[in-house]
Amino acid sequence: VPDVVVIGGGLIGMGVARRCAQLGLRVMVTDPSPGGGASRVAAGMLAPVAELHYGETALLHLNLESNSMFPDFVAELEEVTGLPTGFHRSGTLLVGFDNDDMAVLADLHDFQSSLGLAVDRLDSRATRRLEPLLAPTVRGGILVQGDNQADPRRLHTALLTAAEAAGVEIRREPVAALLSRSTAGGAESCADSGRATGVRLASGERIPAETVVLAAGCWSASLDDLPEAALPPVRPVKGQLLRLRPHTPTAGHGTAPGFLRHTVGAVVKGSAIYIVSRPDGEVVVGATTEELGFDTGVTAGAVYELLRDARALVPTITELALTEPAAGLRPGSPDNAPLLGESALPGLVVATGHYRNGVLLTPITAATIAELIATGRTPDSIKPFSPRRFMHTAATGAHPPIAAQRRSLA
Ligand SMILES: Cc1cc2nc3c(=O)[nH]c(=O)nc-3n(C[C@H](O)[C@H](O)[C@H](O)COP(=O)(O)OP(=O)(O)OC[C@H]3O[C@@H](n4cnc5c(N)ncnc54)[C@H](O)[C@@H]3O)c2cc1C
């Protein structure tokens, strides 16, 4: 009988499961396709500073803390498994093309500097010296040295391998329902709300556990028999992106390996775009932000617009081979911050709602949620992100306004 059952084996669930096993707990992960959710699609930017949004300074601190954990997190994973994670200290370069873009960058630079973040403003010449493949019309930029990248698919494979090596049992089956027992001491049932006691798999098998971790990404609100007060208000936010590669494996440009030396982001005629260039040659162009429920279809319009804007940024990108258009579902929350900690139902711990930062937040989520489960104490870092902050909105099902085809950096 496991101490902990983790529902969902994406980056978040697998990270939590492995850390719990390292702390001596018996852990099971249930997922019909571990790593097949948003974690398979994500670009892998680790960009707390470049991705900073106004009004999200609490989240910034969590993002920065997780970013600082990344080098040790991946070094240990790579050592234990012998597998790569694609972690690369690329830095991130944000660039602008016209007066409006430069004004936006100047405001962003002031905001970042006011928070004490390390950012450098560059003129057009310095920007193009850093990235010679940028369009000659680039007017300037901001360099964020500390914003890096990882390859989410490789990272997940390494995490899964390390989790199994640490003793985590992986069941490739969906959970159908949460089991709970009433505080009045009644029989175990699925609809009761007293204390979570385990899960029921789609096959009907019941898995009892001391603690259940809900880490099913954007599907976290879809389980049967989650009591209303414990229902996390997460929703799917569709993102489409493109994967490209040089036609010959060695066709890197410039002196660094890969197509570009840095992750590059820009706003092209009002639409945000980024290009993540990995040392192994893969290039990722993203991403759309669409409120379309659980739809994961790739659209011709998104492929066209992403390529159009990427070409405005780096004209030679059209020489690459288009290897994979992809769409995934970010687990969005009402305030764009994750839900981390004990739910309103004792025994049910929530680790979801990571929206556009789930790769970045994997190390801190794994460490803090495992510590909470092992010690019963909520680490300070995640106190502002308690799932209970939404208890009133969860009950009414309130969601932020629908935005149509908007782009974000991740
Ligand atoms: C286009 C795009 C680009 C992104 N870029 C970045 C980026 O650059 N940097 C960054 O940090 N983040 C990025 N993200 C966000 C990141 O992908 C997510 O925040 C992160 O992957 C969330 O991980 P997760 O484990 O919570 O969810 P997921 O990876 O979605 O995993 C959830 C898992 O739950 C499983 N599951 C579902 N229902 C059940 C059930 N009933 N029983 C058992 N298992 C179940 C699914 O099979 C799935 O494996 C991006 C996302 C998208 C879509």
# chains A, B, ... in the order shown; residues from 1 in each chain; ligands from 1
>>> select_by_dssp(residues="stretch 309-368 of chain A", states="strand (DSSP E)", output="PyMOL selection string")
chain A and resi 321-332+339-342+348-352
>>> write_last_selection(atoms="all heavy atoms", output="compact mmCIF listing (two decimals), in the first residue's frame")
# COMPACT_ATOMS: atom_id res chain seq x y z
N ALA A 321 13.98 22.88 -41.58
CA ALA A 321 12.91 21.91 -41.83
C ALA A 321 11.87 22.04 -40.72
O ALA A 321 12.23 22.13 -39.54
CB ALA A 321 13.48 20.50 -41.84
N LEU A 322 10.59 22.06 -41.12
CA LEU A 322 9.51 22.06 -40.12
C LEU A 322 9.27 20.61 -39.73
O LEU A 322 8.82 19.81 -40.53
CB LEU A 322 8.24 22.68 -40.72
CG LEU A 322 7.00 22.68 -39.83
CD1 LEU A 322 7.23 23.44 -38.54
CD2 LEU A 322 5.81 23.28 -40.59
N THR A 323 9.63 20.24 -38.50
CA THR A 323 9.55 18.83 -38.10
C THR A 323 8.28 18.49 -37.34
O THR A 323 7.83 17.35 -37.35
CB THR A 323 10.77 18.42 -37.24
OG1 THR A 323 10.88 19.34 -36.17
CG2 THR A 323 12.04 18.43 -38.06
N GLU A 324 7.69 19.47 -36.66
CA GLU A 324 6.51 19.13 -35.86
C GLU A 324 5.75 20.37 -35.42
O GLU A 324 6.24 21.16 -34.62
CB GLU A 324 6.95 18.36 -34.60
CG GLU A 324 5.80 17.92 -33.73
CD GLU A 324 6.26 17.36 -32.38
OE1 GLU A 324 7.46 17.03 -32.23
OE2 GLU A 324 5.41 17.29 -31.48
N PRO A 325 4.53 20.54 -35.92
CA PRO A 325 3.66 21.53 -35.29
C PRO A 325 2.97 20.82 -34.12
O PRO A 325 2.63 19.65 -34.23
CB PRO A 325 2.66 21.89 -36.38
CG PRO A 325 2.69 20.76 -37.34
CD PRO A 325 3.90 19.91 -37.09
N ALA A 326 2.78 21.49 -33.00
CA ALA A 326 2.20 20.81 -31.84
C ALA A 326 1.27 21.76 -31.09
O ALA A 326 1.42 22.98 -31.16
CB ALA A 326 3.30 20.33 -30.89
N ALA A 327 0.31 21.17 -30.39
CA ALA A 327 -0.58 21.96 -29.53
C ALA A 327 -0.68 21.29 -28.18
O ALA A 327 -0.76 20.06 -28.10
CB ALA A 327 -1.97 22.08 -30.17
N GLY A 328 -0.68 22.07 -27.13
CA GLY A 328 -0.81 21.51 -25.78
C GLY A 328 -1.69 22.39 -24.93
O GLY A 328 -2.08 23.50 -25.34
N LEU A 329 -2.02 21.90 -23.76
CA LEU A 329 -2.95 22.60 -22.87
C LEU A 329 -2.26 22.98 -21.57
O LEU A 329 -1.95 22.12 -20.74
CB LEU A 329 -4.16 21.70 -22.59
CG LEU A 329 -4.94 21.26 -23.84
CD1 LEU A 329 -6.01 20.23 -23.47
CD2 LEU A 329 -5.57 22.46 -24.54
N ARG A 330 -2.02 24.28 -21.40
CA ARG A 330 -1.43 24.76 -20.15
C ARG A 330 -2.50 24.68 -19.05
O ARG A 330 -3.66 25.03 -19.31
CB ARG A 330 -1.00 26.22 -20.28
CG ARG A 330 -0.07 26.55 -21.43
CD ARG A 330 0.11 28.07 -21.52
NE ARG A 330 0.91 28.49 -22.66
CZ ARG A 330 0.42 28.79 -23.86
NH1 ARG A 330 -0.88 28.69 -24.09
NH2 ARG A 330 1.23 29.19 -24.83
N PRO A 331 -2.10 24.30 -17.85
CA PRO A 331 -3.08 24.34 -16.75
C PRO A 331 -3.18 25.76 -16.21
O PRO A 331 -2.36 26.20 -15.40
CB PRO A 331 -2.49 23.38 -15.71
CG PRO A 331 -1.04 23.21 -16.06
CD PRO A 331 -0.80 23.73 -17.44
N GLY A 332 -4.18 26.51 -16.68
CA GLY A 332 -4.33 27.92 -16.29
C GLY A 332 -5.09 28.04 -14.97
O GLY A 332 -5.93 27.21 -14.64
N LEU A 339 -1.32 26.37 -7.91
CA LEU A 339 -2.02 25.99 -6.69
C LEU A 339 -1.17 24.92 -6.02
O LEU A 339 -1.05 23.80 -6.54
CB LEU A 339 -3.40 25.43 -7.01
CG LEU A 339 -4.47 26.42 -7.47
CD1 LEU A 339 -4.28 26.80 -8.92
CD2 LEU A 339 -5.84 25.82 -7.27
N LEU A 340 -0.58 25.26 -4.88
CA LEU A 340 0.40 24.38 -4.25
C LEU A 340 0.10 24.23 -2.77
O LEU A 340 0.18 25.21 -2.03
CB LEU A 340 1.82 24.95 -4.42
CG LEU A 340 2.28 25.21 -5.86
CD1 LEU A 340 3.60 25.98 -5.84
CD2 LEU A 340 2.43 23.91 -6.60
N GLY A 341 -0.25 23.02 -2.36
CA GLY A 341 -0.43 22.79 -0.93
C GLY A 341 -1.68 22.01 -0.61
O GLY A 341 -2.31 21.39 -1.49
N GLU A 342 -2.06 22.05 0.68
CA GLU A 342 -3.20 21.27 1.13
C GLU A 342 -4.49 21.87 0.59
O GLU A 342 -4.67 23.08 0.58
CB GLU A 342 -3.24 21.27 2.66
CG GLU A 342 -2.12 20.42 3.26
CD GLU A 342 -2.06 20.55 4.77
OE1 GLU A 342 -2.08 21.70 5.27
OE2 GLU A 342 -1.99 19.51 5.44
N LEU A 348 -5.75 15.42 0.74
CA LEU A 348 -5.61 15.75 -0.69
C LEU A 348 -4.72 16.98 -0.83
O LEU A 348 -5.07 18.08 -0.38
CB LEU A 348 -6.97 16.04 -1.32
CG LEU A 348 -6.91 16.41 -2.81
CD1 LEU A 348 -6.49 15.21 -3.66
CD2 LEU A 348 -8.26 16.95 -3.31
N VAL A 349 -3.56 16.77 -1.44
CA VAL A 349 -2.60 17.86 -1.68
C VAL A 349 -2.65 18.20 -3.17
O VAL A 349 -2.72 17.30 -4.02
CB VAL A 349 -1.18 17.41 -1.26
CG1 VAL A 349 -0.13 18.40 -1.72
CG2 VAL A 349 -1.13 17.23 0.26
N VAL A 350 -2.62 19.48 -3.47
CA VAL A 350 -2.76 19.93 -4.86
C VAL A 350 -1.42 20.49 -5.36
O VAL A 350 -0.72 21.21 -4.64
CB VAL A 350 -3.86 21.02 -4.95
CG1 VAL A 350 -3.94 21.59 -6.36
CG2 VAL A 350 -5.20 20.45 -4.54
N ALA A 351 -1.06 20.11 -6.58
CA ALA A 351 0.15 20.66 -7.23
C ALA A 351 -0.19 20.85 -8.70
O ALA A 351 0.12 19.99 -9.54
CB ALA A 351 1.34 19.72 -7.06
N THR A 352 -0.85 21.94 -9.00
CA THR A 352 -1.27 22.16 -10.39
C THR A 352 -1.44 23.66 -10.66
O THR A 352 -1.07 24.50 -9.84
CB THR A 352 -2.57 21.37 -10.69
OG1 THR A 352 -2.80 21.42 -12.10
CG2 THR A 352 -3.78 21.92 -9.94
>>> residues_near_ligand(ligand="ligand 1", cutoff="7 Å", atoms="only C-alpha atoms and all ligand atoms", output="PyMOL selection string")
chain A and resi 7-13+30-46+173-176+215-220+223+238-241+286-288+327-331+352-361+410
>>> select_by_dssp(residues="stretch 8-45 of chain A", states="alpha helix (DSSP H)", output="PDB file with C-alpha atoms, in the first residue's frame")
ATOM      1  CA  LEU A  11       6.769  17.045 -15.053  1.00  0.00           C
ATOM      2  CA  ILE A  12       5.000  18.186 -11.896  1.00  0.00           C
ATOM      3  CA  GLY A  13       3.613  14.835 -10.745  1.00  0.00           C
ATOM      4  CA  MET A  14       6.788  12.959 -11.625  1.00  0.00           C
ATOM      5  CA  GLY A  15       8.958  15.542  -9.870  1.00  0.00           C
ATOM      6  CA  VAL A  16       6.849  15.363  -6.699  1.00  0.00           C
ATOM      7  CA  ALA A  17       6.750  11.543  -6.781  1.00  0.00           C
ATOM      8  CA  ARG A  18      10.488  11.198  -7.119  1.00  0.00           C
ATOM      9  CA  ARG A  19      11.202  13.635  -4.311  1.00  0.00           C
ATOM     10  CA  CYS A  20       8.704  11.869  -2.007  1.00  0.00           C
ATOM     11  CA  ALA A  21      10.439   8.540  -2.740  1.00  0.00           C
ATOM     12  CA  GLN A  22      13.800  10.109  -1.973  1.00  0.00           C
ATOM     13  CA  ALA A  38       1.594  19.933 -21.634  1.00  0.00           C
ATOM     14  CA  SER A  39       5.029  18.735 -20.540  1.00  0.00           C
ATOM     15  CA  ARG A  40       5.477  17.117 -23.962  1.00  0.00           C
ATOM     16  CA  VAL A  41       4.663  20.315 -25.851  1.00  0.00           C
TER      17      VAL A  41
END
>>> residues_around(residues="A:Val264", least_positions_apart="4", cutoff="7 Å", atoms="only C-alpha atoms", output="PyMOL selection string")
chain A and resi 92-94+274-276
>>> atom_distance(atom1="atom CA of A:Glu164", atom2="atom CA of A:Ser203")
22.8 Å
>>> closest_residue(among="A:Arg195, A:His53, A:Arg243, A:Arg139", to="A:Leu226", atoms="only C-alpha atoms")
A:Arg195
